[in-house]
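What's in coords-v3.csv: CSV, C-alpha atoms and all ligand atoms
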```csv
chain,number,residue,atom,x,y,z
S,24,MET,CA,-1.4,8.1,-58.3
S,25,SER,CA,-0.5,5.4,-55.8
S,26,VAL,CA,2.9,3.7,-56.0
S,27,GLN,CA,2.4,0.0,-57.0
S,28,VAL,CA,4.3,-2.1,-54.5
S,29,ALA,CA,5.0,-5.9,-54.6
S,30,VAL,CA,6.4,-8.0,-51.8
S,31,ASN,CA,8.4,-11.0,-52.8
S,32,GLY,CA,8.7,-13.4,-49.7
S,33,TYR,CA,5.8,-13.3,-47.4
S,34,GLY,CA,7.3,-14.5,-44.1
S,35,THR,CA,8.2,-12.7,-40.8
S,36,ILE,CA,9.3,-9.4,-42.4
S,37,GLY,CA,7.4,-9.7,-45.7
S,38,LYS,CA,3.9,-10.0,-44.1
S,39,ARG,CA,4.5,-7.1,-41.8
S,40,VAL,CA,5.8,-4.9,-44.7
S,41,ALA,CA,2.8,-6.0,-46.8
S,42,ASP,CA,0.4,-4.9,-44.1
S,43,ALA,CA,2.2,-1.6,-43.7
S,44,VAL,CA,2.1,-0.9,-47.4
S,45,ALA,CA,-1.6,-1.7,-47.6
S,46,ILE,CA,-2.4,1.2,-45.2
S,47,GLN,CA,-0.3,3.8,-46.8
S,48,PRO,CA,-2.4,6.5,-48.6
S,49,ASP,CA,0.2,6.8,-51.4
S,50,MET,CA,0.8,3.1,-52.0
S,51,GLU,CA,-1.0,0.1,-53.4
S,52,LEU,CA,0.0,-3.4,-52.5
S,53,ILE,CA,-0.3,-5.2,-55.9
S,54,GLY,CA,0.7,-8.6,-54.6
S,55,VAL,CA,2.8,-10.9,-52.5
S,56,ALA,CA,4.7,-14.0,-53.6
S,57,LYS,CA,5.3,-17.3,-51.9
S,58,THR,CA,6.9,-20.6,-52.8
S,59,ARG,CA,4.5,-22.9,-50.8
S,60,PRO,CA,0.7,-23.1,-50.1
S,61,ASN,CA,1.0,-23.0,-46.3
S,62,HIS,CA,-0.9,-21.0,-43.6
S,63,GLU,CA,0.8,-17.8,-44.6
S,64,ALA,CA,-0.4,-18.2,-48.2
S,65,GLU,CA,-3.9,-18.6,-46.8
S,66,LEU,CA,-3.4,-15.5,-44.7
S,67,ALA,CA,-2.5,-13.5,-47.8
S,68,VAL,CA,-5.7,-14.6,-49.5
S,69,GLU,CA,-7.8,-13.9,-46.4
S,70,ASN,CA,-6.3,-10.4,-46.3
S,71,GLY,CA,-7.3,-9.8,-49.9
S,72,TYR,CA,-3.7,-9.6,-51.2
S,73,PRO,CA,-3.2,-11.0,-54.7
S,74,LEU,CA,-1.0,-14.1,-54.2
S,75,TYR,CA,1.7,-15.0,-56.8
S,76,ALA,CA,3.7,-18.2,-57.2
S,77,ALA,CA,7.4,-17.5,-56.5
S,78,ILE,CA,8.4,-20.7,-58.3
S,79,GLU,CA,6.5,-21.6,-61.5
S,80,GLU,CA,6.8,-25.4,-61.1
S,81,ARG,CA,4.9,-25.2,-57.8
S,82,VAL,CA,1.7,-23.6,-59.2
S,83,GLU,CA,0.1,-27.0,-59.1
S,84,LEU,CA,0.7,-27.3,-55.3
S,85,PHE,CA,-1.4,-24.2,-54.8
S,86,ASP,CA,-4.1,-25.6,-57.1
S,87,ASP,CA,-4.1,-28.8,-55.1
S,88,ALA,CA,-4.4,-26.9,-51.8
S,89,GLY,CA,-7.3,-24.9,-53.3
S,90,ILE,CA,-5.5,-21.6,-52.9
S,91,GLU,CA,-6.2,-19.2,-55.8
S,92,LEU,CA,-3.1,-17.6,-57.5
S,93,ALA,CA,-3.1,-14.3,-59.3
S,94,GLY,CA,-0.1,-15.3,-61.4
S,95,THR,CA,3.6,-15.9,-61.3
S,96,VAL,CA,6.3,-13.7,-59.6
S,97,GLU,CA,7.5,-12.5,-63.0
S,98,GLU,CA,4.1,-11.0,-63.7
S,99,MET,CA,4.0,-9.4,-60.3
S,100,VAL,CA,7.4,-7.9,-60.6
S,101,ASP,CA,6.7,-6.6,-64.1
S,102,ALA,CA,3.5,-4.8,-62.9
S,103,ALA,CA,5.2,-3.2,-59.9
S,104,ASP,CA,6.9,0.2,-59.6
S,105,ILE,CA,9.0,-1.3,-56.8
S,106,VAL,CA,9.5,-4.7,-55.2
S,107,VAL,CA,10.3,-5.4,-51.6
S,108,ASP,CA,12.3,-8.6,-51.4
S,109,ALA,CA,11.8,-10.2,-48.0
S,110,CYS,CA,13.1,-13.6,-48.9
S,111,PRO,CA,15.5,-15.5,-46.6
S,112,GLY,CA,19.1,-14.1,-46.6
S,113,GLY,CA,20.9,-14.9,-49.8
S,114,ILE,CA,17.7,-15.6,-51.9
S,115,GLY,CA,17.5,-11.8,-52.5
S,116,ALA,CA,20.8,-12.0,-54.3
S,117,GLU,CA,19.5,-14.8,-56.5
S,118,ASN,CA,16.4,-12.7,-57.3
S,119,LYS,CA,18.4,-9.6,-58.3
S,120,SER,CA,18.5,-10.6,-62.0
S,121,LEU,CA,14.7,-11.0,-62.0
S,122,TYR,CA,14.2,-7.4,-60.9
S,123,GLU,CA,16.8,-6.2,-63.4
S,124,GLU,CA,15.1,-8.1,-66.3
S,125,HIS,CA,11.8,-6.2,-65.5
S,126,ASP,CA,13.6,-2.9,-64.8
S,127,THR,CA,11.9,-2.8,-61.4
S,128,PRO,CA,13.8,-1.2,-58.5
S,129,ALA,CA,14.2,-3.5,-55.5
S,130,LEU,CA,14.6,-3.2,-51.7
S,131,TYR,CA,16.4,-6.1,-50.0
S,132,GLN,CA,16.7,-6.9,-46.3
S,133,GLY,CA,19.6,-7.1,-43.9
S,134,GLY,CA,20.3,-10.8,-44.6
S,135,GLU,CA,21.8,-9.7,-47.9
S,136,ASP,CA,25.4,-8.6,-48.3
S,137,ALA,CA,26.0,-4.8,-48.4
S,138,ASP,CA,27.9,-5.2,-51.7
S,139,LEU,CA,24.8,-6.5,-53.5
S,140,VAL,CA,23.3,-3.0,-53.5
S,141,ASP,CA,23.9,0.6,-54.5
S,142,VAL,CA,22.9,1.9,-51.1
S,143,SER,CA,22.3,0.6,-47.6
S,144,PHE,CA,19.3,2.4,-46.0
S,145,ASN,CA,18.1,3.8,-42.7
S,146,ALA,CA,15.6,6.6,-42.8
S,147,ARG,CA,17.5,8.6,-40.2
S,148,GLY,CA,20.9,8.2,-42.0
S,149,LYS,CA,20.7,7.5,-45.7
S,150,PHE,CA,17.3,8.7,-47.0
S,151,ASP,CA,18.6,11.0,-49.7
S,152,ALA,CA,21.3,8.6,-50.9
S,153,ALA,CA,18.6,6.1,-52.0
S,154,ALA,CA,16.9,8.5,-54.5
S,155,GLY,CA,16.7,6.8,-57.9
S,156,ALA,CA,18.8,3.7,-56.8
S,157,ASP,CA,17.9,0.4,-58.4
S,158,HIS,CA,19.0,-1.8,-55.5
S,159,VAL,CA,18.7,-0.7,-51.9
S,160,ARG,CA,19.2,-2.8,-48.7
S,161,VAL,CA,17.3,-1.9,-45.6
S,162,VAL,CA,19.8,-2.8,-42.9
S,163,SER,CA,19.2,-5.5,-40.3
S,164,CYS,CA,17.1,-5.1,-37.1
S,165,ASN,CA,20.2,-4.6,-35.0
S,166,THR,CA,21.8,-2.1,-37.4
S,167,THR,CA,18.5,-0.2,-37.7
S,168,GLY,CA,18.4,0.0,-33.8
S,169,LEU,CA,22.0,1.2,-33.6
S,170,SER,CA,21.6,3.7,-36.4
S,171,ARG,CA,18.5,5.3,-34.9
S,172,LEU,CA,20.3,5.7,-31.6
S,173,LEU,CA,23.5,7.0,-33.0
S,174,ALA,CA,22.0,9.5,-35.5
S,175,PRO,CA,20.8,12.0,-32.9
S,176,LEU,CA,23.9,11.5,-30.7
S,177,ARG,CA,26.2,12.3,-33.6
S,178,GLU,CA,24.1,15.3,-34.6
S,179,GLU,CA,23.8,16.8,-31.1
S,180,TYR,CA,27.1,15.9,-29.4
S,181,GLY,CA,29.4,14.2,-31.9
S,182,VAL,CA,30.5,10.6,-31.3
S,183,GLU,CA,34.2,9.8,-30.6
S,184,LYS,CA,33.7,6.1,-30.3
S,185,ALA,CA,30.8,3.7,-29.8
S,186,ARG,CA,31.2,0.3,-28.2
S,187,VAL,CA,28.2,-2.0,-28.2
S,188,THR,CA,27.6,-5.5,-26.9
S,189,LEU,CA,24.6,-7.1,-28.7
S,190,VAL,CA,22.8,-9.9,-26.7
S,191,ARG,CA,20.9,-11.5,-29.6
S,192,ARG,CA,17.9,-13.7,-29.5
S,193,GLY,CA,18.7,-17.2,-30.8
S,194,GLY,CA,15.7,-17.2,-33.2
S,195,ASP,CA,12.3,-15.7,-33.8
S,196,PRO,CA,9.3,-17.3,-32.0
S,197,ALA,CA,8.3,-19.4,-35.0
S,198,GLN,CA,11.8,-20.6,-35.8
S,199,THR,CA,11.5,-23.9,-34.0
S,200,GLY,CA,14.8,-25.2,-35.5
S,201,ARG,CA,17.0,-22.4,-34.1
S,202,GLY,CA,19.0,-22.3,-30.9
S,203,PRO,CA,21.0,-22.2,-28.7
S,204,ILE,CA,19.2,-24.2,-26.1
S,205,ASN,CA,20.3,-23.6,-22.5
S,206,ASP,CA,23.6,-22.0,-23.6
S,207,ILE,CA,25.1,-18.6,-24.1
S,208,LEU,CA,27.3,-18.3,-27.2
S,209,PRO,CA,29.8,-15.6,-28.0
S,210,ASN,CA,28.6,-15.1,-31.6
S,211,PRO,CA,30.7,-14.5,-33.6
S,212,VAL,CA,33.5,-15.4,-31.2
S,213,SER,CA,35.9,-13.2,-33.2
S,214,LEU,CA,35.8,-9.4,-33.0
S,215,PRO,CA,34.3,-7.2,-34.2
S,216,SER,CA,30.9,-8.7,-34.9
S,217,HIS,CA,29.5,-7.8,-38.4
S,218,HIS,CA,27.2,-5.2,-36.8
S,219,GLY,CA,29.8,-2.4,-36.4
S,220,PRO,CA,30.9,-2.6,-40.1
S,221,ASP,CA,27.2,-2.7,-41.0
S,222,VAL,CA,26.5,0.5,-39.1
S,223,ASN,CA,29.4,1.9,-41.2
S,224,THR,CA,27.3,1.4,-44.3
S,225,ILE,CA,25.0,4.0,-42.8
S,226,PHE,CA,27.6,6.2,-41.1
S,227,PRO,CA,30.9,5.5,-42.8
S,228,GLU,CA,33.0,7.8,-40.6
S,229,LEU,CA,31.7,6.5,-37.3
S,230,ASN,CA,34.2,4.8,-35.0
S,231,ILE,CA,32.3,1.7,-33.6
S,232,ASP,CA,33.3,-1.7,-32.2
S,233,THR,CA,30.6,-4.3,-31.6
S,234,LEU,CA,30.6,-7.7,-29.9
S,235,GLY,CA,27.8,-10.3,-30.3
S,236,LEU,CA,26.4,-13.0,-28.1
S,237,LYS,CA,23.5,-15.4,-28.8
S,238,VAL,CA,21.1,-16.5,-26.0
S,239,PRO,CA,18.2,-18.9,-25.8
S,240,ALA,CA,15.5,-16.2,-26.1
S,241,THR,CA,13.1,-15.4,-28.9
S,242,LEU,CA,11.4,-12.1,-28.0
S,243,MET,CA,13.9,-9.3,-28.6
S,244,HIS,CA,17.5,-8.4,-28.8
S,245,THR,CA,19.2,-6.3,-26.0
S,246,HIS,CA,22.1,-3.9,-26.6
S,247,SER,CA,24.5,-2.8,-23.9
S,248,VAL,CA,25.7,0.5,-25.2
S,249,ASN,CA,28.7,2.7,-24.4
S,250,VAL,CA,29.2,5.8,-26.5
S,251,THR,CA,32.1,8.2,-25.9
S,252,LEU,CA,30.7,11.6,-26.9
S,253,GLU,CA,32.7,14.7,-28.1
S,254,SER,CA,31.0,16.8,-25.4
S,255,SER,CA,29.6,16.1,-22.0
S,256,PRO,CA,25.9,16.6,-21.6
S,257,ASP,CA,24.3,15.4,-18.4
S,258,ALA,CA,22.1,12.3,-18.4
S,259,ALA,CA,18.9,14.4,-18.3
S,260,GLU,CA,19.8,16.2,-21.5
S,261,VAL,CA,20.5,12.9,-23.3
S,262,ARG,CA,17.3,11.5,-21.9
S,263,GLU,CA,15.4,14.5,-23.4
S,264,LEU,CA,17.1,14.2,-26.7
S,265,LEU,CA,16.4,10.4,-27.1
S,266,GLY,CA,12.8,11.0,-25.8
S,267,GLU,CA,12.2,13.5,-28.6
S,268,GLN,CA,13.1,11.0,-31.4
S,269,SER,CA,10.0,9.6,-33.1
S,270,ARG,CA,11.2,6.0,-33.3
S,271,THR,CA,12.6,5.6,-29.8
S,272,PHE,CA,10.5,4.7,-26.7
S,273,LEU,CA,12.0,5.7,-23.4
S,274,ILE,CA,10.7,3.1,-20.9
S,275,PRO,CA,9.6,5.2,-18.0
S,276,GLU,CA,11.1,4.7,-14.6
S,277,GLY,CA,8.7,2.9,-12.3
S,278,SER,CA,6.7,1.3,-15.2
S,279,GLY,CA,7.7,-2.2,-14.0
S,280,ILE,CA,9.0,-3.1,-17.5
S,281,ASP,CA,12.0,-5.1,-16.6
S,282,GLY,CA,12.7,-7.0,-19.8
S,283,ALA,CA,11.6,-8.2,-23.2
S,284,GLY,CA,8.7,-10.2,-21.8
S,285,ALA,CA,7.1,-7.2,-20.1
S,286,LEU,CA,7.7,-5.1,-23.3
S,287,LYS,CA,5.8,-7.6,-25.4
S,288,GLU,CA,3.0,-7.6,-22.8
S,289,PHE,CA,3.0,-3.8,-22.9
S,290,ALA,CA,2.6,-4.0,-26.7
S,291,MET,CA,-0.1,-6.6,-26.6
S,292,ASP,CA,-2.1,-4.6,-24.0
S,293,ARG,CA,-2.0,-1.7,-26.4
S,294,ASP,CA,-3.3,-3.8,-29.3
S,295,ARG,CA,-0.2,-3.6,-31.4
S,296,PRO,CA,-0.5,-5.9,-34.4
S,297,ARG,CA,1.4,-9.2,-33.7
S,298,ALA,CA,2.6,-7.4,-30.5
S,299,ASP,CA,5.1,-5.5,-32.7
S,300,ILE,CA,7.3,-2.9,-31.2
S,301,TRP,CA,8.6,-0.7,-34.1
S,302,GLU,CA,10.6,1.6,-31.7
S,303,ASN,CA,13.9,1.2,-30.0
S,304,CYS,CA,13.1,0.6,-26.4
S,305,ILE,CA,15.6,2.4,-24.1
S,306,TRP,CA,15.4,2.0,-20.4
S,307,SER,CA,15.3,5.6,-19.1
S,308,GLU,CA,17.0,4.7,-15.8
S,309,SER,CA,19.9,3.1,-17.7
S,310,ILE,CA,20.9,6.4,-19.4
S,311,SER,CA,24.0,7.5,-17.5
S,312,MET,CA,27.0,9.8,-18.1
S,313,GLU,CA,30.5,9.3,-16.7
S,314,ASP,CA,32.5,12.3,-18.0
S,315,THR,CA,32.0,12.0,-21.8
S,316,ASP,CA,30.9,8.4,-21.6
S,317,LEU,CA,27.2,7.6,-22.2
S,318,TYR,CA,25.9,4.2,-21.1
S,319,LEU,CA,22.4,2.7,-21.7
S,320,PHE,CA,20.5,-0.5,-22.4
S,321,GLN,CA,18.0,-0.8,-25.3
S,322,ALA,CA,15.8,-3.6,-26.5
S,323,ILE,CA,15.1,-4.1,-30.2
S,324,HIS,CA,12.1,-6.1,-31.6
S,325,GLN,CA,13.9,-8.0,-34.4
S,326,GLU,CA,10.7,-8.9,-36.3
S,327,SER,CA,9.3,-5.4,-36.7
S,328,ASP,CA,11.7,-2.4,-36.3
S,329,VAL,CA,12.7,-2.6,-40.0
S,330,VAL,CA,9.1,-2.4,-41.2
S,331,PRO,CA,8.7,1.4,-41.1
S,332,GLU,CA,12.2,1.7,-42.6
S,333,ASN,CA,11.0,-0.3,-45.6
S,334,ILE,CA,8.1,2.0,-46.1
S,335,ASP,CA,10.4,5.0,-46.0
S,336,ALA,CA,12.8,3.4,-48.3
S,337,ILE,CA,10.1,3.0,-51.0
S,338,ARG,CA,9.4,6.8,-50.9
S,339,ALA,CA,13.2,7.5,-50.8
S,340,VAL,CA,13.9,5.4,-53.9
S,341,LEU,CA,10.9,6.7,-55.9
S,342,GLY,CA,11.4,10.3,-54.7
S,343,THR,CA,7.7,10.7,-53.6
S,344,ALA,CA,8.5,12.4,-50.3
S,345,ASP,CA,11.4,13.8,-48.4
S,346,ALA,CA,12.7,12.2,-45.2
S,347,THR,CA,10.7,14.3,-42.7
S,348,GLU,CA,7.5,13.9,-44.7
S,349,SER,CA,7.9,10.2,-45.1
S,350,ILE,CA,8.9,9.4,-41.5
S,351,GLU,CA,5.9,11.4,-40.3
S,352,LEU,CA,3.5,9.8,-42.7
S,353,THR,CA,4.7,6.3,-41.9
S,354,ASN,CA,4.6,7.0,-38.1
S,355,ASP,CA,1.0,8.3,-38.4
S,356,THR,CA,-0.4,5.5,-40.5
S,357,MET,CA,1.3,2.7,-38.5
S,358,GLY,CA,0.6,4.3,-35.1
S,359,ILE,CA,4.3,4.5,-34.1
S,360,GLY,CA,5.0,6.1,-30.7
S,361,PHE,CA,3.5,4.8,-27.4
A,1,LIG,N1,13.3,-12.2,-38.8
A,1,LIG,C1,14.0,-11.2,-38.3
A,1,LIG,O1,14.3,-11.1,-37.2
A,1,LIG,C2,14.7,-10.3,-39.3
A,1,LIG,C3,15.0,-9.0,-38.9
A,1,LIG,C4,15.5,-8.0,-39.8
A,1,LIG,C5,15.8,-8.5,-41.1
A,1,LIG,N2,15.6,-9.8,-41.4
A,1,LIG,C6,15.9,-10.1,-42.8
A,1,LIG,O2,14.8,-10.2,-43.6
A,1,LIG,C7,14.9,-11.2,-44.6
A,1,LIG,C8,13.7,-12.1,-44.4
A,1,LIG,O3,13.8,-12.7,-43.2
A,1,LIG,P1,12.5,-13.3,-42.5
A,1,LIG,O4,12.9,-13.5,-41.0
A,1,LIG,O5,11.3,-12.6,-42.9
A,1,LIG,O6,12.5,-14.8,-43.1
A,1,LIG,P2,11.3,-15.8,-43.1
A,1,LIG,O7,10.4,-15.6,-42.0
A,1,LIG,O8,11.9,-17.1,-43.4
A,1,LIG,O9,10.5,-15.3,-44.4
A,1,LIG,C9,11.0,-15.4,-45.7
A,1,LIG,C10,9.9,-16.0,-46.6
A,1,LIG,O10,10.3,-16.0,-47.9
A,1,LIG,C11,9.7,-17.1,-48.5
A,1,LIG,N3,10.6,-17.6,-49.6
A,1,LIG,C12,11.6,-18.5,-49.5
A,1,LIG,N4,12.2,-18.6,-50.7
A,1,LIG,C13,11.5,-17.7,-51.6
A,1,LIG,C14,11.7,-17.4,-52.9
A,1,LIG,N5,12.6,-17.9,-53.7
A,1,LIG,N6,10.8,-16.5,-53.4
A,1,LIG,C15,9.8,-15.9,-52.7
A,1,LIG,N7,9.6,-16.3,-51.4
A,1,LIG,C16,10.5,-17.1,-50.8
A,1,LIG,C17,9.5,-18.2,-47.4
A,1,LIG,O11,8.2,-18.7,-47.5
A,1,LIG,P3,7.7,-19.9,-48.4
A,1,LIG,O12,8.9,-20.7,-48.8
A,1,LIG,O13,6.7,-20.6,-47.6
A,1,LIG,O14,7.1,-19.2,-49.6
A,1,LIG,C18,9.5,-17.4,-46.1
A,1,LIG,O15,8.2,-17.3,-45.5
A,1,LIG,C19,16.3,-11.8,-44.4
A,1,LIG,O16,17.2,-11.1,-45.2
A,1,LIG,C20,16.6,-11.5,-42.9
A,1,LIG,O17,17.9,-11.5,-42.6
A,1,LIG,C21,15.0,-10.7,-40.6
```
What is this structure when it is put down as structure tokens?
Ligand SMILES: NC(=O)c1ccc[n+]([C@@H]2O[C@H](COP(=O)([O-])OP(=O)(O)OC[C@H]3O[C@@H](n4cnc5c(N)ncnc54)[C@H](OP(=O)(O)O)[C@@H]3O)[C@@H](O)[C@H]2O)c1
Amino acid sequence: MSVQVAVNGYGTIGKRVADAVAIQPDMELIGVAKTRPNHEAELAVENGYPLYAAIEERVELFDDAGIELAGTVEEMVDAADIVVDACPGGIGAENKSLYEEHDTPALYQGGEDADLVDVSFNARGKFDAAAGADHVRVVSCNTTGLSRLLAPLREEYGVEKARVTLVRRGGDPAQTGRGPINDILPNPVSLPSHHGPDVNTIFPELNIDTLGLKVPATLMHTHSVNVTLESSPDAAEVRELLGEQSRTFLIPEGSGIDGAGALKEFAMDRDRPRADIWENCIWSESISMEDTDLYLFQAIHQESDVVPENIDAIRAVLGTADATESIELTNDTMGIGF
């Protein structure tokens, strides 16, 4: 029996999660919900996804636009075994009572506060803790990227302290109203940025400080990472460990990939849907050890790295697979790994 999955909020994250659900052998996408009849509503219909109105009073707008609806969001949530809420940050919190009324477990995204949920999730760190939970938050793109990097380092070497500077894109490509424009902002200007405490929702004991900046870029985030390890492997060993992880891509030396633009080109050339890069992209040459200090640069595709994590979180909550099985199945179906 396939798990019946609904996606509430069909935007940057929601449409990617919907596509990923639709190709899972153990899941069925029963519908997506939107508030407006725009081009993304048309896309849902073109893809054959039942489209539900997120706001009942707006049903007429869909009728006027000639876009056929399958019903209202309440009906969709009621029919689902689990709902993935991919609404803008803060709207997920407003939707919580809807999911409770229908007794439907819900996944939220990183724009929601950690205290909204029972468990914050990353497949590499918190898979088992999500079993049977009613409200689970898949952590943000940056926290996902950091958790994936820190998990193997903790397991293999132990982490004394992590210090990360996050150079964050000002907005996604379609977010025309976002900035900065021609500026570089310490953001937040106070320390630590929220990312370190957010990583602690996955690894509570981890000693981590983070600093954030925002730059006028849209393609990816870049992290400048320093991790003081509890032992002193050489750089080649760390390179091997990180290369073995299924959701990290070590950018080969000599590949000519010098930044986010080239990474996106690399993904487009390999026919990735929407040029998505689900993996952490770590520059192999940057991996360096100074005594017990590890240094590296990694790029994170903000629009897509959380998508496989949402798929794994569905199985984790419903108990339909263990972490290893789920990660392997998600990777296989989505084609993760360059
Ligand atoms: N984009 C990223 O880089 C990124 C990365 C990781 C995590 N996240 C998190 O993922 C969540 C979603 O972000 P996003 O970037 O996907 O936002 P987005 O592109 O703005 O998509 C959200 C969609 O939700 C729809 N929506 C708004 N209000 C709604 C409601 N009441 N019910 C149902 N749908 C509603 C909006 O479309 P309509 O109003 O047209 O229906 C919009 O297309 C946020 O928590 C965000 O922090 C985002």
Counting only C-alpha atoms and all ligand atoms, give me one row per residue of chain S with an atom at most 8 Å from an atom of ligand LIG 1 (chain A), showing the shortest contact pair and its distance in Å to one decimal, sorted by chain then residue number, as CSV.
```
residue,atom,partner,partner_atom,distance
S:Asn31,CA,A:LIG1,C15,5.1
S:Gly32,CA,A:LIG1,N7,3.5
S:Tyr33,CA,A:LIG1,C10,5.0
S:Gly34,CA,A:LIG1,O15,3.3
S:Thr35,CA,A:LIG1,O5,3.7
S:Ile36,CA,A:LIG1,O5,3.8
S:Gly37,CA,A:LIG1,O5,5.6
S:Lys38,CA,A:LIG1,O5,7.9
S:Ala56,CA,A:LIG1,C15,5.5
S:Lys57,CA,A:LIG1,O14,3.5
S:Thr58,CA,A:LIG1,O14,3.5
S:Arg59,CA,A:LIG1,O13,4.5
S:Pro60,CA,A:LIG1,O13,7.0
S:Asn61,CA,A:LIG1,O13,6.3
S:Glu63,CA,A:LIG1,O13,7.2
S:Ala64,CA,A:LIG1,O13,7.5
S:Ala76,CA,A:LIG1,C15,7.9
S:Ala77,CA,A:LIG1,N6,4.7
S:Ile78,CA,A:LIG1,N5,6.8
S:Asp108,CA,A:LIG1,C7,7.7
S:Ala109,CA,A:LIG1,C8,4.5
S:Cys110,CA,A:LIG1,O10,3.8
S:Pro111,CA,A:LIG1,C19,4.4
S:Gly112,CA,A:LIG1,O16,3.8
S:Gly113,CA,A:LIG1,O16,7.0
S:Ile114,CA,A:LIG1,N5,5.9
S:Gly115,CA,A:LIG1,O16,7.3
S:Asn118,CA,A:LIG1,N5,7.4
S:Tyr131,CA,A:LIG1,O16,7.0
S:Gln132,CA,A:LIG1,O16,4.4
S:Gly133,CA,A:LIG1,O16,4.8
S:Gly134,CA,A:LIG1,O16,3.2
S:Glu135,CA,A:LIG1,O16,5.5
S:Val162,CA,A:LIG1,C5,7.2
S:Ser163,CA,A:LIG1,C4,4.5
S:Cys164,CA,A:LIG1,C4,4.3
S:Asn165,CA,A:LIG1,C4,7.5
S:Gly194,CA,A:LIG1,O1,7.4
S:Asp195,CA,A:LIG1,O1,6.1
S:His324,CA,A:LIG1,O1,7.8
S:Gln325,CA,A:LIG1,O1,4.2
S:Glu326,CA,A:LIG1,O1,4.3
S:Ser327,CA,A:LIG1,C3,7.1
S:Asp328,CA,A:LIG1,C4,7.6
S:Val329,CA,A:LIG1,C4,6.1
```
Neighbour list for region 298-309 of chain S as a PyMOL selection string, cut-off 9 Å, only C-alpha atoms, skip fewer than 5 positions in-chain: chain S and resi 168-169+171-172+262+265-266+269-276+280-281+286-293+318-331+359-361
S:Ala339, S:Ala258, S:Ala185, S:Ala344 ranked by distance to Asp314 (chain S), top pick (using all atoms listed in the file):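 Once distances to Asp314 (chain S) are computed over all atoms listed in the file, the minimum belongs to S:Ala258.
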Ser216 (chain S) environment, 10 Å, all atoms listed in the file, sequence neighbours closer than 2 positions dropped, as a ChimeraX atom specification: /S:187-189,209-214,218-221,232-236
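Distance check against Ile231 (chain S) using all atoms listed in the file: of S:Val261, S:Ala283, S:Ala137, S:Leu173, the minimum falls on S:Leu173.
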Starting from the sparse input, extend region 327-341 of chain S to N, CA and C atoms and give the output as a PDB file, keeping the file's coordinate frame.
```pdb
ATOM      1  N   SER S 327      10.154  -6.487 -36.203  1.00  0.00           N
ATOM      2  CA  SER S 327       9.300  -5.400 -36.700  1.00  0.00           C
ATOM      3  C   SER S 327      10.024  -4.013 -36.835  1.00  0.00           C
ATOM      4  N   ASP S 328      11.215  -3.808 -36.239  1.00  0.00           N
ATOM      5  CA  ASP S 328      11.700  -2.400 -36.300  1.00  0.00           C
ATOM      6  C   ASP S 328      12.100  -1.996 -37.716  1.00  0.00           C
ATOM      7  N   VAL S 329      12.366  -2.970 -38.613  1.00  0.00           N
ATOM      8  CA  VAL S 329      12.700  -2.600 -40.000  1.00  0.00           C
ATOM      9  C   VAL S 329      11.514  -2.278 -40.865  1.00  0.00           C
ATOM     10  N   VAL S 330      10.318  -2.561 -40.352  1.00  0.00           N
ATOM     11  CA  VAL S 330       9.100  -2.400 -41.200  1.00  0.00           C
ATOM     12  C   VAL S 330       8.892  -0.939 -41.611  1.00  0.00           C
ATOM     13  N   PRO S 331       8.864   0.017 -40.661  1.00  0.00           N
ATOM     14  CA  PRO S 331       8.700   1.400 -41.100  1.00  0.00           C
ATOM     15  C   PRO S 331       9.844   1.886 -41.993  1.00  0.00           C
ATOM     16  N   GLU S 332      11.028   1.307 -41.790  1.00  0.00           N
ATOM     17  CA  GLU S 332      12.200   1.700 -42.600  1.00  0.00           C
ATOM     18  C   GLU S 332      11.954   1.265 -44.081  1.00  0.00           C
ATOM     19  N   ASN S 333      11.341   0.095 -44.266  1.00  0.00           N
ATOM     20  CA  ASN S 333      11.000  -0.300 -45.600  1.00  0.00           C
ATOM     21  C   ASN S 333      10.039   0.607 -46.293  1.00  0.00           C
ATOM     22  N   ILE S 334       9.064   1.079 -45.523  1.00  0.00           N
ATOM     23  CA  ILE S 334       8.100   2.000 -46.100  1.00  0.00           C
ATOM     24  C   ILE S 334       8.772   3.314 -46.509  1.00  0.00           C
ATOM     25  N   ASP S 335       9.639   3.819 -45.634  1.00  0.00           N
ATOM     26  CA  ASP S 335      10.400   5.000 -46.000  1.00  0.00           C
ATOM     27  C   ASP S 335      11.294   4.832 -47.172  1.00  0.00           C
ATOM     28  N   ALA S 336      11.889   3.637 -47.239  1.00  0.00           N
ATOM     29  CA  ALA S 336      12.800   3.400 -48.300  1.00  0.00           C
ATOM     30  C   ALA S 336      12.091   3.387 -49.692  1.00  0.00           C
ATOM     31  N   ILE S 337      10.830   2.956 -49.703  1.00  0.00           N
ATOM     32  CA  ILE S 337      10.100   3.000 -51.000  1.00  0.00           C
ATOM     33  C   ILE S 337       9.940   4.454 -51.433  1.00  0.00           C
ATOM     34  N   ARG S 338       9.584   5.348 -50.497  1.00  0.00           N
ATOM     35  CA  ARG S 338       9.400   6.800 -50.900  1.00  0.00           C
ATOM     36  C   ARG S 338      10.780   7.379 -51.247  1.00  0.00           C
ATOM     37  N   ALA S 339      11.823   6.954 -50.531  1.00  0.00           N
ATOM     38  CA  ALA S 339      13.200   7.500 -50.800  1.00  0.00           C
ATOM     39  C   ALA S 339      13.606   7.149 -52.217  1.00  0.00           C
ATOM     40  N   VAL S 340      13.430   5.877 -52.600  1.00  0.00           N
ATOM     41  CA  VAL S 340      13.900   5.400 -53.900  1.00  0.00           C
ATOM     42  C   VAL S 340      13.095   6.107 -55.029  1.00  0.00           C
ATOM     43  N   LEU S 341      11.781   6.205 -54.833  1.00  0.00           N
ATOM     44  CA  LEU S 341      10.900   6.700 -55.900  1.00  0.00           C
ATOM     45  C   LEU S 341      10.800   8.264 -55.842  1.00  0.00           C
TER      46      LEU S 341
END
```
